[in-house]
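Undergrad: For reference, this is query_17.csv, and it has CSV, C-alpha atoms and all ligand atoms.
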```
chain,number,residue,atom,x,y,z
S,239,MET,CA,17.2,58.9,25.7
S,240,LYS,CA,18.5,57.6,22.4
S,241,PRO,CA,16.4,58.7,19.4
S,242,VAL,CA,14.6,55.8,17.8
S,243,PRO,CA,15.9,55.1,14.3
S,244,ALA,CA,13.4,55.9,11.6
S,245,TYR,CA,14.3,52.9,9.6
S,246,ALA,CA,14.9,49.3,10.5
S,247,PRO,CA,16.3,47.3,7.6
S,248,LEU,CA,14.8,43.9,6.8
S,249,LEU,CA,16.5,41.0,8.6
S,250,THR,CA,16.3,39.0,5.4
S,251,ARG,CA,18.3,41.5,3.4
S,252,TYR,CA,21.3,39.1,2.8
S,253,GLU,CA,19.3,36.1,1.8
S,254,THR,CA,19.0,36.3,-1.9
S,255,MET,CA,21.5,38.9,-3.3
S,256,PRO,CA,24.7,37.2,-4.7
S,257,TYR,CA,28.0,38.9,-4.0
S,258,ALA,CA,31.2,38.7,-6.1
S,259,ARG,CA,34.8,39.4,-5.5
S,260,THR,CA,36.0,42.6,-7.2
S,261,GLY,CA,38.8,41.5,-9.4
S,262,LYS,CA,41.7,40.1,-7.3
S,263,SER,CA,40.7,42.2,-4.2
S,264,GLY,CA,39.2,41.1,-1.0
S,265,LEU,CA,36.1,43.2,-1.5
S,266,LEU,CA,32.8,41.6,-2.3
S,267,LEU,CA,30.2,43.7,-4.2
S,268,PRO,CA,26.5,42.9,-4.7
S,269,ARG,CA,25.9,41.7,-8.3
S,270,LEU,CA,23.4,44.5,-8.5
S,271,ALA,CA,24.3,48.0,-7.4
S,272,LEU,CA,22.3,51.3,-7.4
S,273,GLY,CA,23.6,54.5,-8.9
S,274,LEU,CA,22.4,58.0,-8.0
S,275,TRP,CA,23.2,59.8,-11.3
S,276,GLN,CA,19.6,60.7,-11.9
S,277,ASN,CA,16.4,60.7,-9.8
S,278,PHE,CA,18.1,61.8,-6.5
S,279,GLY,CA,18.9,65.5,-7.1
S,280,ASP,CA,17.1,68.5,-5.7
S,281,VAL,CA,14.9,68.5,-8.8
S,282,ASP,CA,13.5,65.1,-7.8
S,283,LEU,CA,11.2,64.1,-4.9
S,284,TYR,CA,13.3,63.4,-1.8
S,285,PRO,CA,10.8,60.9,-0.3
S,286,THR,CA,10.8,58.8,-3.5
S,287,GLY,CA,14.7,58.8,-3.6
S,288,ARG,CA,14.8,57.9,0.1
S,289,SER,CA,12.4,55.0,-0.2
S,290,THR,CA,14.3,53.7,-3.3
S,291,VAL,CA,17.7,53.8,-1.5
S,292,LEU,CA,16.2,52.1,1.6
S,293,ARG,CA,14.5,49.5,-0.6
S,294,ALA,CA,17.8,48.8,-2.2
S,295,PHE,CA,19.5,48.1,1.1
S,296,ASP,CA,16.6,45.8,2.1
S,297,LEU,CA,17.3,43.9,-1.1
S,298,GLY,CA,20.9,43.3,-0.2
S,299,ILE,CA,22.2,46.1,-2.4
S,300,THR,CA,25.1,47.3,-0.3
S,301,HIS,CA,26.8,49.4,-3.0
S,302,PHE,CA,25.7,52.9,-3.8
S,303,ASP,CA,27.4,54.8,-6.6
S,304,LEU,CA,27.7,58.6,-6.6
S,305,ALA,CA,29.8,61.3,-8.2
S,306,ASN,CA,30.5,65.0,-7.4
S,307,ASN,CA,28.3,66.2,-10.2
S,308,TYR,CA,25.2,64.0,-9.8
S,309,GLY,CA,22.0,65.8,-9.3
S,310,PRO,CA,20.8,68.0,-10.8
S,311,PRO,CA,21.9,70.5,-9.6
S,312,PRO,CA,25.4,69.1,-9.4
S,313,GLY,CA,26.3,68.0,-5.8
S,314,THR,CA,22.7,67.5,-4.7
S,315,ALA,CA,22.6,63.7,-5.1
S,316,GLU,CA,25.5,63.6,-2.6
S,317,SER,CA,23.8,66.0,-0.2
S,318,ASN,CA,20.5,64.1,-0.4
S,319,PHE,CA,22.3,60.8,0.1
S,320,GLY,CA,24.1,62.4,3.1
S,321,ARG,CA,20.7,63.3,4.5
S,322,MET,CA,19.6,59.6,4.1
S,323,LEU,CA,22.8,58.5,5.8
S,324,ARG,CA,22.1,60.8,8.7
S,325,SER,CA,18.5,59.9,9.1
S,326,ASP,CA,18.5,56.2,8.3
S,327,LEU,CA,21.7,54.5,7.2
S,328,ALA,CA,24.4,55.8,9.5
S,329,PRO,CA,24.1,52.8,11.9
S,330,PHE,CA,24.8,50.6,9.0
S,331,ARG,CA,27.9,52.4,7.6
S,332,ASP,CA,30.0,49.4,7.9
S,333,GLU,CA,27.6,47.4,5.7
S,334,LEU,CA,27.8,49.9,2.9
S,335,ILE,CA,30.2,50.5,0.0
S,336,ILE,CA,29.8,54.1,-1.1
S,337,ALA,CA,31.6,55.4,-4.2
S,338,THR,CA,32.2,58.9,-5.5
S,339,LYS,CA,34.1,60.3,-8.4
S,340,ALA,CA,35.6,63.5,-9.8
S,341,GLY,CA,36.4,64.2,-13.5
S,342,TYR,CA,33.6,66.3,-14.9
S,343,ARG,CA,33.1,70.1,-14.6
S,344,MET,CA,32.1,70.8,-11.0
S,345,TRP,CA,33.0,74.5,-10.3
S,346,PRO,CA,34.2,77.4,-12.4
S,347,GLY,CA,37.8,78.1,-13.2
S,348,PRO,CA,40.8,76.0,-14.1
S,349,TYR,CA,40.6,73.7,-11.0
S,350,GLY,CA,37.0,72.4,-11.2
S,351,ASP,CA,37.3,69.8,-14.0
S,352,LEU,CA,39.3,66.8,-15.4
S,353,GLY,CA,42.2,65.2,-13.7
S,354,SER,CA,44.7,67.4,-11.8
S,355,ARG,CA,45.7,66.6,-8.3
S,356,LYS,CA,44.3,70.0,-7.2
S,357,TYR,CA,40.8,69.2,-8.6
S,358,LEU,CA,40.6,65.6,-7.5
S,359,LEU,CA,41.6,66.1,-3.9
S,360,ALA,CA,39.6,69.3,-3.4
S,361,SER,CA,36.6,67.6,-4.9
S,362,LEU,CA,36.9,64.5,-2.7
S,363,ASP,CA,36.9,66.8,0.4
S,364,GLN,CA,33.7,68.5,-0.9
S,365,SER,CA,32.0,65.1,-1.6
S,366,LEU,CA,32.9,63.9,2.0
S,367,LYS,CA,31.4,67.1,3.4
S,368,ARG,CA,28.2,66.9,1.3
S,369,MET,CA,27.7,63.3,2.4
S,370,GLY,CA,28.8,63.8,6.0
S,371,LEU,CA,31.4,61.0,5.7
S,372,ASP,CA,35.0,60.6,7.0
S,373,TYR,CA,35.8,58.4,4.0
S,374,VAL,CA,34.4,56.9,0.9
S,375,ASP,CA,34.9,53.2,0.0
S,376,ILE,CA,35.8,53.9,-3.6
S,377,PHE,CA,37.1,57.1,-5.2
S,378,TYR,CA,37.2,57.2,-9.0
S,379,SER,CA,38.8,59.2,-11.6
S,380,HIS,CA,35.6,59.7,-13.6
S,381,ARG,CA,37.3,60.2,-17.0
S,382,PRO,CA,40.8,60.4,-18.4
S,383,ASP,CA,42.3,63.8,-18.8
S,384,PRO,CA,44.4,64.0,-21.9
S,385,ALA,CA,46.3,67.1,-20.7
S,386,THR,CA,47.3,65.9,-17.2
S,387,PRO,CA,50.1,63.3,-16.8
S,388,LEU,CA,48.5,60.0,-15.9
S,389,GLU,CA,51.1,59.8,-13.0
S,390,GLU,CA,49.5,62.9,-11.5
S,391,THR,CA,45.9,61.7,-11.7
S,392,MET,CA,46.9,58.3,-10.3
S,393,GLY,CA,49.1,59.9,-7.7
S,394,ALA,CA,46.0,61.9,-6.5
S,395,LEU,CA,44.0,58.7,-6.2
S,396,ALA,CA,46.7,56.9,-4.3
S,397,HIS,CA,47.0,60.0,-2.0
S,398,ALA,CA,43.3,59.8,-1.2
S,399,VAL,CA,43.8,56.3,0.1
S,400,ARG,CA,47.0,57.1,2.0
S,401,SER,CA,45.2,60.0,3.7
S,402,GLY,CA,42.4,57.8,4.8
S,403,LYS,CA,39.7,59.5,2.7
S,404,ALA,CA,39.2,56.5,0.5
S,405,LEU,CA,39.6,52.8,0.9
S,406,TYR,CA,40.0,51.8,-2.7
S,407,VAL,CA,40.4,53.5,-6.1
S,408,GLY,CA,38.8,53.1,-9.5
S,409,LEU,CA,38.8,54.3,-13.1
S,410,SER,CA,35.9,55.2,-15.2
S,411,ASN,CA,35.6,55.7,-19.0
S,412,TYR,CA,39.3,54.9,-19.5
S,413,SER,CA,40.1,53.0,-22.8
S,414,PRO,CA,41.7,49.6,-22.5
S,415,GLU,CA,45.2,51.1,-23.3
S,416,GLN,CA,44.8,53.9,-20.7
S,417,THR,CA,43.6,51.3,-18.2
S,418,THR,CA,46.7,49.1,-18.6
S,419,ARG,CA,49.0,52.2,-18.1
S,420,ALA,CA,47.0,53.5,-15.2
S,421,ALA,CA,46.9,50.1,-13.5
S,422,ALA,CA,50.7,49.8,-13.7
S,423,ILE,CA,51.2,53.3,-12.2
S,424,LEU,CA,48.7,52.5,-9.4
S,425,ARG,CA,50.4,49.2,-8.7
S,426,ASP,CA,53.8,51.0,-8.4
S,427,LEU,CA,52.2,53.4,-6.0
S,428,GLY,CA,51.0,50.5,-3.8
S,429,THR,CA,47.4,51.3,-4.4
S,430,PRO,CA,46.1,48.7,-6.9
S,431,CYS,CA,43.1,49.6,-9.1
S,432,LEU,CA,40.1,47.9,-7.6
S,433,ILE,CA,37.5,48.5,-10.3
S,434,HIS,CA,36.7,50.0,-13.7
S,435,GLN,CA,33.3,51.5,-14.4
S,436,PHE,CA,32.2,51.5,-18.0
S,437,CYS,CA,29.0,51.5,-20.1
S,438,ALA,CA,27.8,48.3,-21.6
S,439,HIS,CA,24.5,46.8,-22.5
S,440,MET,CA,22.8,44.7,-25.2
S,441,PHE,CA,23.1,47.5,-27.7
S,442,ASN,CA,26.7,48.5,-26.7
S,443,ARG,CA,28.8,45.4,-26.8
S,444,GLY,CA,32.2,46.9,-27.6
S,445,PRO,CA,33.6,46.5,-24.1
S,446,GLU,CA,32.9,42.8,-24.0
S,447,THR,CA,35.8,42.2,-26.4
S,448,SER,CA,38.0,45.3,-25.9
S,449,LEU,CA,37.9,46.1,-22.1
S,450,LEU,CA,36.9,42.9,-20.3
S,451,PRO,CA,40.0,41.0,-21.4
S,452,VAL,CA,42.2,43.8,-20.0
S,453,LEU,CA,40.4,43.8,-16.7
S,454,LYS,CA,40.8,40.1,-16.4
S,455,ASP,CA,44.5,40.3,-17.1
S,456,GLU,CA,45.0,43.1,-14.6
S,457,GLY,CA,42.8,41.5,-11.9
S,458,ILE,CA,40.5,44.6,-11.9
S,459,GLY,CA,36.7,44.2,-11.2
S,460,GLY,CA,34.2,45.5,-13.8
S,461,ILE,CA,31.1,47.5,-12.9
S,462,VAL,CA,28.7,48.2,-15.8
S,463,PHE,CA,26.8,51.5,-15.9
S,464,SER,CA,23.6,52.1,-17.8
S,465,PRO,CA,23.0,48.4,-18.3
S,466,LEU,CA,19.4,49.0,-19.3
S,467,ALA,CA,20.4,51.6,-21.9
S,468,GLN,CA,18.9,54.3,-19.6
S,469,GLY,CA,15.5,52.5,-19.6
S,470,LEU,CA,15.3,51.4,-23.2
S,471,LEU,CA,15.9,47.8,-22.2
S,472,THR,CA,12.7,47.7,-20.1
S,473,THR,CA,9.1,47.9,-21.0
S,474,ARG,CA,9.2,51.7,-20.4
S,475,TYR,CA,9.0,52.7,-24.1
S,476,LEU,CA,7.1,49.8,-25.7
S,477,ASN,CA,4.0,51.8,-26.0
S,478,GLY,CA,5.2,55.3,-26.6
S,479,VAL,CA,7.0,57.7,-24.3
S,480,PRO,CA,5.5,58.1,-20.8
S,481,ALA,CA,5.6,61.7,-19.5
S,482,ASP,CA,7.3,60.6,-16.3
S,483,SER,CA,10.0,58.6,-18.0
S,484,ARG,CA,13.6,59.8,-18.5
S,485,VAL,CA,12.9,60.6,-22.1
S,486,GLY,CA,9.5,62.1,-21.3
S,487,ARG,CA,11.1,64.4,-18.7
S,488,GLY,CA,13.6,65.5,-21.3
S,489,ALA,CA,16.8,64.6,-19.4
S,490,GLU,CA,19.8,65.7,-21.3
S,491,SER,CA,21.4,62.3,-21.2
S,492,THR,CA,18.6,60.9,-23.2
S,493,LYS,CA,20.3,62.1,-26.4
S,494,TRP,CA,22.2,58.8,-26.1
S,495,ILE,CA,19.0,56.7,-26.0
S,496,GLN,CA,18.3,55.2,-29.5
S,497,LEU,CA,14.6,55.4,-29.4
S,498,THR,CA,14.1,54.1,-33.0
S,499,ASP,CA,11.4,51.8,-34.4
S,500,ALA,CA,14.1,49.2,-35.0
S,501,ARG,CA,15.4,49.3,-31.4
S,502,ILE,CA,11.8,49.1,-30.0
S,503,ALA,CA,11.2,46.0,-32.2
S,504,GLN,CA,14.3,44.4,-30.8
S,505,VAL,CA,13.2,45.3,-27.2
S,506,ARG,CA,9.8,43.8,-27.9
S,507,ALA,CA,11.4,40.5,-29.1
S,508,LEU,CA,13.6,40.5,-26.0
S,509,HIS,CA,10.6,41.1,-23.9
S,510,GLU,CA,8.8,38.1,-25.4
S,511,LEU,CA,11.8,35.9,-24.9
S,512,ALA,CA,12.2,37.1,-21.3
S,513,GLN,CA,8.5,36.3,-20.6
S,514,LYS,CA,8.9,32.7,-21.9
S,515,GLY,CA,11.7,32.2,-19.3
S,516,GLY,CA,9.6,33.9,-16.5
S,517,ARG,CA,11.7,37.1,-16.5
S,518,SER,CA,11.1,40.7,-17.4
S,519,VAL,CA,13.2,42.2,-20.2
S,520,ALA,CA,15.1,44.3,-17.6
S,521,GLN,CA,16.0,41.2,-15.7
S,522,LEU,CA,17.1,39.5,-19.0
S,523,ALA,CA,19.3,42.5,-19.8
S,524,ILE,CA,20.9,42.4,-16.3
S,525,HIS,CA,21.4,38.6,-16.2
S,526,TRP,CA,22.9,38.7,-19.7
S,527,LEU,CA,25.6,41.1,-18.4
S,528,MET,CA,26.2,39.0,-15.3
S,529,ARG,CA,27.3,36.0,-17.4
S,530,HIS,CA,30.8,37.6,-17.6
S,531,ASP,CA,33.1,36.7,-14.6
S,532,THR,CA,34.8,40.0,-15.0
S,533,VAL,CA,31.6,41.9,-14.4
S,534,THR,CA,31.5,42.1,-10.7
S,535,SER,CA,28.4,44.2,-10.5
S,536,VAL,CA,25.7,45.6,-12.7
S,537,LEU,CA,25.0,49.3,-11.8
S,538,ILE,CA,21.4,50.2,-12.4
S,539,GLY,CA,19.4,53.4,-11.9
S,540,ALA,CA,15.8,53.4,-10.6
S,541,SER,CA,13.2,56.1,-10.3
S,542,SER,CA,11.1,54.0,-7.8
S,543,PRO,CA,11.3,51.2,-5.4
S,544,ALA,CA,9.0,49.1,-7.7
S,545,GLN,CA,11.6,49.2,-10.5
S,546,LEU,CA,14.2,47.9,-8.0
S,547,ASN,CA,11.9,45.1,-6.9
S,548,GLU,CA,11.5,44.1,-10.5
S,549,ASN,CA,15.1,44.3,-11.4
S,550,ALA,CA,16.4,42.4,-8.3
S,551,GLN,CA,13.8,39.7,-8.5
S,552,GLY,CA,15.3,36.3,-9.5
S,553,ILE,CA,18.9,37.7,-9.2
S,554,GLU,CA,19.9,34.6,-7.3
S,555,SER,CA,19.2,32.4,-10.4
S,556,TYR,CA,20.5,34.6,-13.1
S,557,GLN,CA,22.1,32.0,-15.4
S,558,LEU,CA,20.6,32.1,-18.8
S,559,THR,CA,20.2,28.8,-20.8
S,560,ALA,CA,22.2,28.2,-24.0
S,561,GLU,CA,19.0,28.5,-25.9
S,562,GLU,CA,18.2,31.9,-24.4
S,563,LEU,CA,21.7,33.1,-25.1
S,564,ALA,CA,21.5,32.0,-28.7
S,565,GLU,CA,18.1,33.6,-29.1
S,566,ILE,CA,19.4,36.9,-27.7
S,567,GLU,CA,22.3,36.8,-30.3
S,568,LYS,CA,19.7,36.3,-33.1
S,569,ILE,CA,17.6,39.3,-31.9
S,570,LEU,CA,20.7,41.5,-31.4
S,571,ALA,CA,21.9,40.6,-34.9
S,572,SER,CA,18.5,41.7,-36.4
S,573,SER,CA,19.1,45.4,-36.3
S,601,LIG,P1,20.0,52.2,-16.3
S,601,LIG,O1,20.4,51.8,-17.7
S,601,LIG,O2,19.8,51.1,-15.3
S,601,LIG,O3,18.7,53.1,-16.4
S,601,LIG,C1,18.0,53.4,-15.3
S,601,LIG,C2,16.6,53.9,-15.7
S,601,LIG,O4,15.9,52.9,-16.4
S,601,LIG,C3,15.8,54.3,-14.5
S,601,LIG,O5,16.1,55.5,-14.0
S,601,LIG,C4,14.4,54.2,-15.1
S,601,LIG,O6,14.1,55.3,-15.9
S,601,LIG,C5,14.5,53.0,-16.0
S,601,LIG,N1,14.2,51.7,-15.4
S,601,LIG,C6,15.0,51.0,-14.5
S,601,LIG,N2,14.4,49.8,-14.2
S,601,LIG,C7,13.2,49.8,-14.8
S,601,LIG,C8,12.1,48.9,-14.8
S,601,LIG,N3,12.1,47.8,-14.2
S,601,LIG,N4,11.0,49.3,-15.6
S,601,LIG,C9,11.0,50.4,-16.3
S,601,LIG,N5,12.0,51.3,-16.3
S,601,LIG,C10,13.1,51.0,-15.6
S,601,LIG,O7,21.1,53.0,-15.6
S,601,LIG,P2,21.5,54.6,-15.5
S,601,LIG,O8,21.6,55.2,-16.9
S,601,LIG,O9,20.6,55.3,-14.6
S,601,LIG,O10,22.9,54.5,-14.9
S,601,LIG,C11,23.1,53.8,-13.6
S,601,LIG,C12,24.2,54.3,-12.9
S,601,LIG,O11,25.4,54.2,-13.6
S,601,LIG,C13,24.1,55.8,-12.6
S,601,LIG,O12,23.3,56.2,-11.5
S,601,LIG,C14,25.6,56.1,-12.2
S,601,LIG,O13,25.8,55.7,-10.9
S,601,LIG,C15,26.3,55.2,-13.2
S,601,LIG,N6,26.8,56.0,-14.4
S,601,LIG,C16,28.1,56.2,-14.5
S,601,LIG,C17,28.6,56.9,-15.6
S,601,LIG,C18,30.1,57.2,-15.6
S,601,LIG,O14,30.5,58.0,-16.5
S,601,LIG,N7,30.8,56.5,-14.8
S,601,LIG,C19,27.7,57.5,-16.6
S,601,LIG,C20,26.3,57.1,-16.4
S,601,LIG,C21,25.9,56.4,-15.4
S,601,LIG,P3,12.8,56.3,-15.7
S,601,LIG,O15,13.4,57.5,-15.0
S,601,LIG,O16,12.3,56.5,-17.0
S,601,LIG,O17,11.8,55.5,-14.8
```
The structure given in the file should be rewritten as structure tokens.

TA:
Amino acid sequence: MKPVPAYAPLLTRYETMPYARTGKSGLLLPRLALGLWQNFGDVDLYPTGRSTVLRAFDLGITHFDLANNYGPPPGTAESNFGRMLRSDLAPFRDELIIATKAGYRMWPGPYGDLGSRKYLLASLDQSLKRMGLDYVDIFYSHRPDPATPLEETMGALAHAVRSGKALYVGLSNYSPEQTTRAAAILRDLGTPCLIHQFCAHMFNRGPETSLLPVLKDEGIGGIVFSPLAQGLLTTRYLNGVPADSRVGRGAESTKWIQLTDARIAQVRALHELAQKGGRSVAQLAIHWLMRHDTVTSVLIGASSPAQLNENAQGIESYQLTAEELAEIEKILASS
């Protein structure tokens, strides 16, 4: 007798989420994607992670973003996601776009970091094993390696596709100039760059004018990470630092969160503006990024299904009015 699947996805899952073409490719991605950088490691509660991932799929979020080093400990986000695939999502593999990356320190010695062919391809094999997959949909170079020829790093990405272990390739944290060079090499290798993953949010606007024009010219899709500034652009920190928040838990990455009085005052003003338009401040921050055509997808994190519910609500009518956009400019200029 066939085992009964533990999870049956909602039949309505494709009714509200908008999908966009990734650059000039044929691949459609959900405008909202879920990343497993934090909250899905062995230090976290597996049942909460599982219900968050399954809730995402029920909301039409078909794209899950991982990397070899996500956890903590490194590797455990992939092994936990692999467990969810086995128990719940395996029947829906063809409805999923699963990404992983290599580029940061993963194992000791000279071959466990950066951008050599040796590291990238060994790491991809390890990621596939941890997730129990034959292939990933997108394999990224997680960061540029100044000491390895770009041709070697791009050659490793192209090889991953040729060997059937990845369908598409992407770049992350590459500067506009590095992106142009890398895209040319990948084009010559017959494996066009699908996507570029970079950090942008209301308090980090540099990429809007530096990177996005390059992505448009190159026909590469953009996916924005940490769009909520790791939680700052939500109501999380409006009344102090909750013990269960990313800052409260003392996550190392929170050294990048600008938890100053001036920032909180801006978030409060954004929150008030969002409320007037019937949105939450998190929705405002997401919809604001979605106004760029080149931003295919906004890649959020979540520590609970409730956060996902909030962030995905109203995604189908994301357009902000000219008045809202002008008001946001005023608030952002007030720092
Ligand atoms: P976000 O800016 O979306 O921050 C997510 C955090 O914000 C959540 O974990 C939660 O924090 C808080 N939050 C989210 N929604 C709400 C809400 N509605 N109300 C209150 N708090 C909320 O993104 P991340 O920084 O998590 O990054 C997202 C993904 O981007 C990563 O998982 C990864 O896939 C990718 N990434 C890629 C990088 C790269 O170098 N390529 C680098 C960093 C991220 P709390 O825990 O406090 O509840």

Undergrad: Within 8 Å of ligand LIG 601 (chain S), which residues show up when you count only C-alpha atoms and all ligand atoms? List them as a VMD selection string, please.

TA: chain S and resid 272 to 277 302 to 305 380 to 381 410 to 411 435 to 437 462 to 474 480 482 to 486 518 520 to 521 537 to 542 544 to 549

Undergrad: Would you list the contacts of Lys454 in chain S as a PDB file with C-alpha atoms, keeping the file's coordinate frame, taking every protein, DNA or RNA residue within 9 Å and counting only C-alpha atoms, but skipping same-chain residues closer than 5 positions in sequence?

TA:
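Output (around-v2.pdb):
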```pdb
ATOM      1  CA  GLY S 261      38.800  41.500  -9.400  1.00  0.00           C
ATOM      2  CA  LEU S 449      37.900  46.100 -22.100  1.00  0.00           C
ATOM      3  CA  GLY S 459      36.700  44.200 -11.200  1.00  0.00           C
ATOM      4  CA  GLY S 460      34.200  45.500 -13.800  1.00  0.00           C
ATOM      5  CA  ASP S 531      33.100  36.700 -14.600  1.00  0.00           C
ATOM      6  CA  THR S 532      34.800  40.000 -15.000  1.00  0.00           C
TER       7      THR S 532
END
```

Undergrad: List every protein, DNA or RNA residue that has at least one atom no more than 10 Å from (34.3, 42.0, -22.5) in the file's coordinates, counting all atoms listed in the file, and write the result as an MDAnalysis selection string.

TA: chainID S and resid 438 443:454 460 527 530:533

Undergrad: If we count all atoms listed in the file and set the cut-off at 8 Å, which residues sit around Asp351 in chain S, ignoring sequence neighbours fewer than 4 positions away in its own chain? Please answer as a VMD selection string.

TA: chain S and resid 340 to 345 357

Undergrad: Restricting the calculation to all atoms listed in the file: of S:Arg506, S:Lys262, S:His439, S:His301, which residue gets closest to Ser535 in chain S?

TA: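 With all atoms listed in the file as the atom set, the closest residue is S:His301.
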
Undergrad: Counting only C-alpha atoms, figure out which residue out of S:Arg487, S:Arg400, S:Arg501, S:His509 gets nearest to Asp282 in chain S.

TA: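 Closest candidate: S:Arg487.
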
Undergrad: Find the residues around range 244-251 of chain S up to 12 Å (only C-alpha atoms counted), leave out those fewer than 6 positions away in its own chain, and share them as a JSON list (two decimals) with C-alpha atoms, in the frame of the given file.

TA:
```
[["chain", "number", "residue", "atom", "x", "y", "z"],
["S", 268, "PRO", "CA", 26.50, 42.90, -4.70],
["S", 288, "ARG", "CA", 14.80, 57.90, 0.10],
["S", 289, "SER", "CA", 12.40, 55.00, -0.20],
["S", 291, "VAL", "CA", 17.70, 53.80, -1.50],
["S", 292, "LEU", "CA", 16.20, 52.10, 1.60],
["S", 293, "ARG", "CA", 14.50, 49.50, -0.60],
["S", 294, "ALA", "CA", 17.80, 48.80, -2.20],
["S", 295, "PHE", "CA", 19.50, 48.10, 1.10],
["S", 296, "ASP", "CA", 16.60, 45.80, 2.10],
["S", 297, "LEU", "CA", 17.30, 43.90, -1.10],
["S", 298, "GLY", "CA", 20.90, 43.30, -0.20],
["S", 299, "ILE", "CA", 22.20, 46.10, -2.40],
["S", 300, "THR", "CA", 25.10, 47.30, -0.30],
["S", 322, "MET", "CA", 19.60, 59.60, 4.10],
["S", 323, "LEU", "CA", 22.80, 58.50, 5.80],
["S", 324, "ARG", "CA", 22.10, 60.80, 8.70],
["S", 325, "SER", "CA", 18.50, 59.90, 9.10],
["S", 326, "ASP", "CA", 18.50, 56.20, 8.30],
["S", 327, "LEU", "CA", 21.70, 54.50, 7.20],
["S", 328, "ALA", "CA", 24.40, 55.80, 9.50],
["S", 329, "PRO", "CA", 24.10, 52.80, 11.90],
["S", 330, "PHE", "CA", 24.80, 50.60, 9.00],
["S", 333, "GLU", "CA", 27.60, 47.40, 5.70],
["S", 550, "ALA", "CA", 16.40, 42.40, -8.30]]
```

Undergrad: Which residues, written as a ChimeraX atom specification, have at least one atom at most 12 Å from Leu366 in chain S, with all atoms listed in the file counted and residues fewer than 2 positions away on the same chain left out?

TA: /S:304-306,313,316-317,319-320,336-339,359-364,368-377,398,402-404

Undergrad: In Å, how far is it from CA of Leu334 in chain S to CA of Met392 in chain S?

TA: 24.7 Å

Undergrad: Counting only C-alpha atoms, which residues of range 466-531 of chain S fall within 10 Å of range 562-573 of chain S, and what is the closest atom pair for each with its distance in Å at one decimal, ordered by chain and rising number, as JSON lines?

TA:
```
{"residue": "S:Ala500", "atom": "CA", "partner": "S:Ser573", "partner_atom": "CA", "distance": 6.4}
{"residue": "S:Arg501", "atom": "CA", "partner": "S:Ser573", "partner_atom": "CA", "distance": 7.3}
{"residue": "S:Ala503", "atom": "CA", "partner": "S:Ser573", "partner_atom": "CA", "distance": 8.9}
{"residue": "S:Gln504", "atom": "CA", "partner": "S:Ile569", "partner_atom": "CA", "distance": 6.2}
{"residue": "S:Val505", "atom": "CA", "partner": "S:Ile569", "partner_atom": "CA", "distance": 8.8}
{"residue": "S:Arg506", "atom": "CA", "partner": "S:Ile569", "partner_atom": "CA", "distance": 9.9}
{"residue": "S:Ala507", "atom": "CA", "partner": "S:Ile569", "partner_atom": "CA", "distance": 6.9}
{"residue": "S:Leu508", "atom": "CA", "partner": "S:Ile566", "partner_atom": "CA", "distance": 7.0}
{"residue": "S:Leu511", "atom": "CA", "partner": "S:Glu562", "partner_atom": "CA", "distance": 7.6}
{"residue": "S:Ala512", "atom": "CA", "partner": "S:Glu562", "partner_atom": "CA", "distance": 8.5}
{"residue": "S:Lys514", "atom": "CA", "partner": "S:Glu562", "partner_atom": "CA", "distance": 9.7}
{"residue": "S:Gly515", "atom": "CA", "partner": "S:Glu562", "partner_atom": "CA", "distance": 8.3}
{"residue": "S:Leu522", "atom": "CA", "partner": "S:Ile566", "partner_atom": "CA", "distance": 9.4}
{"residue": "S:Ala523", "atom": "CA", "partner": "S:Ile566", "partner_atom": "CA", "distance": 9.7}
{"residue": "S:Trp526", "atom": "CA", "partner": "S:Leu563", "partner_atom": "CA", "distance": 7.9}
{"residue": "S:Arg529", "atom": "CA", "partner": "S:Leu563", "partner_atom": "CA", "distance": 10.0}
```

Undergrad: Would you mind reading off the distance between CA of Gln513 in chain S and CA of Ala560 in chain S, one decimal, in Å?

TA: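 Going from CA of Gln513 in chain S over to CA of Ala560 in chain S covers 16.3 Å.
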
Undergrad: Identify which of the residues S:Tyr475, S:Trp494, S:Tyr412, S:Tyr284 lies closest to Arg321 in chain S, counting only C-alpha atoms when measuring atom-to-atom distances.

TA: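 Closest to Arg321 in chain S of all the choices is S:Tyr284.
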
Undergrad: Which value, in Å to one decimal, gives the distance between CA of Thr391 in chain S and CA of Gly347 in chain S?

TA: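 These two atoms are separated by 18.4 Å.
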
Undergrad: Kindly reconstruct range 553-558 of chain S with N, CA and C atoms and present the result as a PDB file, in the coordinates of the input.

TA:
```
ATOM      1  N   ILE S 553      17.428  37.441  -9.038  1.00  0.00           N
ATOM      2  CA  ILE S 553      18.900  37.700  -9.200  1.00  0.00           C
ATOM      3  C   ILE S 553      19.700  36.488  -8.798  1.00  0.00           C
ATOM      4  N   GLU S 554      19.142  35.721  -7.853  1.00  0.00           N
ATOM      5  CA  GLU S 554      19.900  34.600  -7.300  1.00  0.00           C
ATOM      6  C   GLU S 554      20.007  33.451  -8.354  1.00  0.00           C
ATOM      7  N   SER S 555      19.088  33.435  -9.330  1.00  0.00           N
ATOM      8  CA  SER S 555      19.200  32.400 -10.400  1.00  0.00           C
ATOM      9  C   SER S 555      19.277  33.059 -11.716  1.00  0.00           C
ATOM     10  N   TYR S 556      20.399  33.757 -11.896  1.00  0.00           N
ATOM     11  CA  TYR S 556      20.500  34.600 -13.100  1.00  0.00           C
ATOM     12  C   TYR S 556      20.989  33.900 -14.334  1.00  0.00           C
ATOM     13  N   GLN S 557      21.483  32.662 -14.189  1.00  0.00           N
ATOM     14  CA  GLN S 557      22.100  32.000 -15.400  1.00  0.00           C
ATOM     15  C   GLN S 557      21.031  31.834 -16.481  1.00  0.00           C
ATOM     16  N   LEU S 558      21.430  32.238 -17.672  1.00  0.00           N
ATOM     17  CA  LEU S 558      20.600  32.100 -18.800  1.00  0.00           C
ATOM     18  C   LEU S 558      20.910  30.737 -19.501  1.00  0.00           C
TER      19      LEU S 558
END
```
